[in-house]
Amino acid sequence: MTTPLDDLMEKLRGVQSEIEVELAKRREELRFHLENRRIVFEREVLRIHRELKTRATRYLIDANPLMILSAPVIYSLIVPIALADLWVMAYQAICFPAYGVPKVRRRDYLVFDRHHLAYLNIIEKINCAYCSYANGAFAFMREVGARTEVYWCPIKHARRMLGPHPHYQGFADFGDAEAFRGKLAQMKDGVKIEGA
């Protein structure tokens, strides 16, 4: 028997599919396509992009001095992010097989493609690579954490939570002991993760 929440989740999946279709249309409007995971722009678009590029020296001259002074603080986060990333990879490699939890494919979360944009200078490309790594690593770590929660504690919180992970809606409601025990019983054959 489907619940109203199941119906809403199905609608959400439908909307996500529609979003993917619209993104594909937008790629066509921007005149680029993917060939074997490689981004290909039309020649005229590349020419326009190159014309719009701000030289690195001009970029630095025009930069707010506070941006330049704060850059070392921002970039210093690379150390804890990389350490956390390595630790989570080790955690997943050791623990997930022991519990039958499907591993998270890290490469699905770390996407580096902005360097193909001809309108970015070298500083902007480095900044984009840093953001891609940091946010991709966070997304990877979040999914590893989410799958851990699916296994150990599939219970919704009593209070509303901002930005729950995709598996959260399948959790037992707060205070529903029978549903929680049922979720744990499902784990005996290994965690089932949609899309894994």
# chains A, B, ... in the order shown; residues from 1 in each chain; ligands from 1

$ closest_atom_pairs --of "region 116-189 of chain A" --to "region 57-65 of chain A" --cutoff "10 Å" --atoms "only C-alpha atoms" --output "JSON lines"
{"residue": "A:Asn121", "atom": "CA", "partner": "A:Tyr59", "partner_atom": "CA", "distance": 8.4}
{"residue": "A:Ile123", "atom": "CA", "partner": "A:Tyr59", "partner_atom": "CA", "distance": 8.3}
{"residue": "A:Glu124", "atom": "CA", "partner": "A:Tyr59", "partner_atom": "CA", "distance": 8.9}

$ write_last_selection --atoms "N, CA and C atoms" --output "PDB file, in the first residue's frame"
ATOM      1  N   ASN A 121      40.135  32.631 -16.510  1.00  0.00           N
ATOM      2  CA  ASN A 121      41.601  32.734 -16.504  1.00  0.00           C
ATOM      3  C   ASN A 121      42.166  31.672 -15.562  1.00  0.00           C
ATOM      4  N   ILE A 123      43.609  31.824 -12.663  1.00  0.00           N
ATOM      5  CA  ILE A 123      43.232  31.971 -11.247  1.00  0.00           C
ATOM      6  C   ILE A 123      41.808  31.463 -11.037  1.00  0.00           C
ATOM      7  N   GLU A 124      40.905  31.844 -11.934  1.00  0.00           N
ATOM      8  CA  GLU A 124      39.523  31.376 -11.822  1.00  0.00           C
ATOM      9  C   GLU A 124      39.439  29.857 -11.980  1.00  0.00           C
TER      10      GLU A 124
END

$ residues_around --residues "Arg181 (chain A)" --least-positions-apart "4" --cutoff "12 Å" --atoms "only C-alpha atoms" --output "list in words"
Tyr151, Trp152, Cys153, Pro154, Ile155, Phe171, Ala172, Asp173, Gly175, Asp176, Ala177, Ala185, Gln186, Met187 and Lys188 of chain A

$ residues_around --residues "Arg31 (chain A)" --least-positions-apart "5" --cutoff "10 Å" --atoms "only C-alpha atoms" --output "number ranges by chain"
A: 25-26, 40-46

$ write_last_selection --atoms "N, CA and C atoms" --output "mmCIF file, in the first residue's frame"
data_model
loop_
_atom_site.group_PDB
_atom_site.id
_atom_site.type_symbol
_atom_site.label_atom_id
_atom_site.label_comp_id
_atom_site.auth_asym_id
_atom_site.auth_seq_id
_atom_site.Cartn_x
_atom_site.Cartn_y
_atom_site.Cartn_z
ATOM 1 N N LYS A 25 18.359 20.563 -22.628
ATOM 2 C CA LYS A 25 17.938 21.616 -23.564
ATOM 3 C C LYS A 25 18.815 22.856 -23.395
ATOM 4 N N ARG A 26 19.124 23.189 -22.154
ATOM 5 C CA ARG A 26 19.953 24.370 -21.887
ATOM 6 C C ARG A 26 21.357 24.189 -22.458
ATOM 7 N N VAL A 40 32.457 19.567 -25.605
ATOM 8 C CA VAL A 40 32.796 20.142 -26.905
ATOM 9 C C VAL A 40 31.892 21.344 -27.149
ATOM 10 N N PHE A 41 32.534 22.524 -27.288
ATOM 11 C CA PHE A 41 31.812 23.745 -27.629
ATOM 12 C C PHE A 41 31.927 23.977 -29.131
ATOM 13 N N GLU A 42 30.929 24.667 -29.682
ATOM 14 C CA GLU A 42 31.024 25.079 -31.079
ATOM 15 C C GLU A 42 32.124 26.132 -31.195
ATOM 16 N N ARG A 43 32.764 26.215 -32.350
ATOM 17 C CA ARG A 43 33.896 27.142 -32.549
ATOM 18 C C ARG A 43 33.534 28.591 -32.251
ATOM 19 N N GLU A 44 32.393 29.018 -32.725
ATOM 20 C CA GLU A 44 31.979 30.411 -32.510
ATOM 21 C C GLU A 44 31.810 30.704 -31.017
ATOM 22 N N VAL A 45 31.282 29.755 -30.285
ATOM 23 C CA VAL A 45 31.112 29.919 -28.836
ATOM 24 C C VAL A 45 32.480 30.027 -28.172
ATOM 25 N N LEU A 46 33.410 29.196 -28.575
ATOM 26 C CA LEU A 46 34.771 29.268 -28.020
ATOM 27 C C LEU A 46 35.408 30.629 -28.290
#

$ closest_residue --among "A:Asp85, A:Ala71, A:Val150, A:Pro166" --to "Leu12 (chain A)" --atoms "only C-alpha atoms"
A:Pro166

$ atom_distance --atom1 "CA of Thr2 (chain A)" --atom2 "CA of Leu184 (chain A)"
20.3 Å

$ atom_distance --atom1 "CA of Leu120 (chain A)" --atom2 "CA of Ala84 (chain A)"
29.2 Å

$ atom_distance --atom1 "CA of Leu5 (chain A)" --atom2 "CA of Tyr109 (chain A)"
27.6 Å
